[in-house]
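Below is one structure; the comments refer to it alone.
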Amino acid sequence: MNRGHHRRLVPCLQALVTLATVAALVHCGGGELPPAAGEDPVDSGPPDVVGGGGAVTILDVDLQAGLTFGENGFTDCGGQASSKSIILQNTLNDVVNYQAEIVVGKTAYTVTPDKGGIPARGQATLQIVPAAIPQEAEVTTDLFAGTLEIRYPGRGTPTQIRLHQTARGAIVSMAANSYALGSVKVGEKKSLPINLTNAGNMEVTATLAVGTPVYTVGNAPSTPVPLKPGVAESRLIEFAPLTAGDAPDTLAISFNPSAVHCKAPPFSAAVTGTGTTGVGLTPGALDFGDVNCGTTAPPQDLTISSTIAMTFTASLDKGGASAFSLADAADTPIVQGAEIEIPPASTYKLRVVPKPIPPVSPITANFYGDNLRITTNVPGDTPKTIPVRMGAKGAILAFTPAGGITVTGTDINAIAQTNFSLSNTGNVQIPYQIKLVNPNGQPFSGPDGTFGIGNQTTVNGNANIGATALVLNTKAPPTYSTTIEGALELSVTTSATAALCADLPARYNVTSRTNAGTSITLTPPALQFGEVLCGTTAPPQTVTLKSVVATTFAPDLVKGENSPYILKNNGTPLTLGQDIPIAAGAEYVITVEPKPMPARPLIGTTDNGFGDTMTIKSPVDATKNYELRQTAKGAILVFSPTVMPQPLGNPPTVPAESRAFILRNNGNQTAHYTLTTSGSISTNIPTGSAPRGDTNGVVTGVGSGRITVSLTSPQPAPPAEPTTLCADLPGDLIIGAP
């Protein structure tokens, strides 16, 4: 390999990609570096077979991987990644025009310039600028991705370049927003866990701190808590009262200065506890957590201790409407407000029993929470409040947009893609399956490929909290004015960690339809056999049927077997009304063969008297009525009147008399005639041509006679047309009694 050739391959192997439908490495063509000093010029070879009709390559971009923005594809929430540029290389000796558009992620990116021309053997640079990541954002991979499409009007296949970007930051949450350690005897200790979770994709360090000496967190006034992405950490907050009485405090939460948050983190939580000398309540709060809809949480016990004999009452703030009931350690129900005795130096276990969470329930935090109040008869002992926390947990699913998807196309078999989503407004993810069915839930019975979620008719996945993006592929019906209906049926798999808190959405209707159009066309639009001489036969003509879809058609004639035509294909007569298959894009030729024109047709030369209508019936179009026109041609001669009863004059004393008569041609062809008279009569039109209509004549003479009509013989020479009769010649016009 010479050095010039080697210099061309280096940039190709680094990043050169084509814009053709199959990506392939090609030689650099017009984009090679100039030869180094001392090197011979190298023939660049034929143009690259790439986008823009083999004219354009894109430098330094891997089309399969796309462009990654930010730091390895990650950009801090509230931050903005730097822009990137791509270079379009023109290998032709002519300008190549381009159009650039962000077709996916229009709000996340802009491209400039969005259109222009690439100089001959030159380059054009496009700048892609990402928008700022919102201060609060999900960290779903490629949530801020996009697609850049570059088109070359009149040249080849467009190119699509995927643009990758993911929000980066921590999403810190705390399991509780307050910590009630309850009543603790002076000299004793009690602790509760503080649970922190980082659902983001960036590590942060939280520092937990309390402000009064009766509390510690992590055995110290403050403690750091490193939170790696996707990890939960726990620290204990401990209460050791020094004196009797309430001891409120605040748990302060701070983060390392470099922390980036994609959602507002917790910064504080209320801490309460009460020091006592005689009555103790353990624990200071009951937390049943979030419970799956349709299930029941196990009960929890509150231990009540006393150094002296006492009585107490227990009640719930919500009374009978509470989501809890009370019982003793043996599960015997306790009436709220009833007095319960405790001997000296003893304990009593009060059981708090949750009621079932309804199958359909709000998921508002602590929606079913309540307060348990303990009141004793111990002098100076104030009533104690024990928070009881419980919420519902489950998924709430819906399709977006609501109501279904209808795709209407003007072209049969056209392919379309429609974005939709499965939204989960609950608080847990849940496995799902979406299956294509008929609107009534039966297996889909439409044409294969009409609908697909992506390229499948059944898909499985996890419905994460938020929206799961999906794509409906739709293929238009294979015929015009057609509607095909289907539905997407959603089902889920429930478990101890995945439940529903609302009914599943109804079947999601999907519809594909085509506008009105013609599937089968006939050429020419009608057949004109014109005027055909009586006693002759018109030559056959053909009509060509073409169908854009595979179907059948049935040709027929309105007059049936009495039609003046026979339908044939390749010389073989067709059976009227019988279905004939035709492939998509195929042609079928019907020969329309006229039957011989009668020599003396009863209907004479009536306009289109020997016409008919060919009908074409098919399942894809309305019935087509195809006109076949044919008229008999010839002369039809009659006398008017047909008889003159009185002789001419009064022979032999009266002079000659003249009377008018008509030689009428009821046909549509001029007749060349001769009139022969007898007796002592004559006519002023002994020979001539009788066009359609009346030829007026006069008969003159004395006495009786007759006029006989015959055709001119021999026939006139061209350009005059020989006379053809479509009816027998009329009888003689009789005058008097010859």
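Ordering of the structure tokens sets the chain letters (A, B, ...), residue numbers begin anew at 1 in every chain, and ligands are numbered from 1 in the order given.
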Could you pull the residues within 9 Å of Thr450 (chain A), counting only C-alpha atoms, minus those fewer than 5 positions along the same chain, as a compact mmCIF listing (two decimals) with C-alpha atoms, in the first residue's frame?
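Dumped everything to part-v6.txt:
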# COMPACT_ATOMS: atom_id res chain seq x y z
CA ASN A 413 -50.79 -0.98 2.87
CA ILE A 415 -46.96 1.89 7.20
CA ASN A 473 -46.90 0.13 14.17
CA THR A 474 -49.90 0.32 11.85
CA LYS A 475 -50.31 -1.09 8.36
CA ALA A 476 -53.17 0.39 6.33
CA PRO A 477 -55.81 -2.04 5.01
CA ILE A 484 -59.77 -2.67 10.53
CA GLY A 486 -58.24 -4.15 17.04
CA SER A 512 -56.51 1.48 10.86
Subject >> Non-local contacts of Ser680 (chain A) (9 Å; only C-alpha atoms; under 3 positions in same chain excluded) as number ranges by chain >> reply: A: 677, 700-705
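Excluding region 70-85 of chain A itself and any same-chain residue fewer than 3 positions from it, the protein and nucleic acid residues within 6 Å of it, counting only C-alpha atoms, are Leu126, Gln127, Ile128, Val129, Ala132, Ile133, Pro134, Gln135, Gln165, Thr166, Ala167, Arg168, Gly169 and Cys262 of chain A.
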Subject >> Within 12 Å of region 333-347 of chain A using only C-alpha atoms, minus same-chain residues under 5 positions, as a PyMOL selection string >> reply: chain A and resi 278-282+301-320+322+324-328+352-353+372-378
Subject >> Surrounding residues of region 601-610 of chain A excluding itself and chain neighbours under 2 positions, 10 Å, only C-alpha atoms, as a PyMOL selection string >> reply: chain A and resi 528-535+563-565+594-595+597-599+612+628-636+666-669+725-727
**OP:** Pick out the residues sitting within 6 Å of Gly369 (chain A), and hand them over as a list in words; count only C-alpha atoms, and ignore anything fewer than 3 positions along from it in its own chain.
**Re:**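 The filter keeps Asn366, Val388, Arg389 and Met390 of chain A.
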Original post:
Got a sec: who's within 12 Å of Ala526 (chain A), counting only C-alpha atoms, leaving out chain neighbours fewer than 6 positions off, as an MDAnalysis selection string?
Top reply: chainID A and resid 541:544 592 611:615 624:630
Subject >> Gap from CA of Thr537 (chain A) to CA of Asp728 (chain A) - Å, one decimal >> reply: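 Answer for the CA of Thr537 (chain A) to CA of Asp728 (chain A) separation: 19.5 Å.
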Original post:
Restricting the calculation to only C-alpha atoms, which member of A:Met174, A:Ser547, A:Gly66, A:Gly391 is positioned closest to Thr159 (chain A)?
Top reply: A:Gly66
**OP:** Looking only at strand (DSSP E) from DSSP on the backbone, list the matching residues of region 299-386 of chain A as number ranges by chain.
**Re:** A: 300-306, 310-316, 324-327, 333-334, 340-342, 346-354, 370-376, 384-386
**OP:** Counting only C-alpha atoms, figure out which residue out of A:Pro401, A:Ala538, A:Ala395, A:Thr518 gets nearest to Ser495 (chain A).
**Re:**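 Ranked by minimum distance to Ser495 (chain A), first place goes to A:Ala395.
Checking A:Ala199, A:Leu675, A:Leu397, A:Val103 one by one against Pro158 (chain A), counting only C-alpha atoms, you find the shortest gap at A:Val103.
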Subject >> Selected residue, from A:Thr687, A:Thr674, A:Tyr432, A:Lys349, that lies nearest to Pro299 (chain A) when counting only C-alpha atoms >> reply: A:Lys349
Subject >> Nearest to Asp60 (chain A), chosen from A:Tyr109, A:Thr125, A:Pro387, A:Tyr368, with only C-alpha atoms counted in the distances >> reply: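 The closest residue to Asp60 (chain A) is A:Thr125.
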Original post:
Pick from A:Thr212, A:Asn256, A:Ser421, A:Thr296: nearest to Pro224 (chain A), with only C-alpha atoms counted?
Top reply: A:Asn256
**OP:** Work out how far apart CA of Ala232 (chain A) and CA of Ile253 (chain A) are and give it in Å to one decimal.
**Re:** 15.7 Å
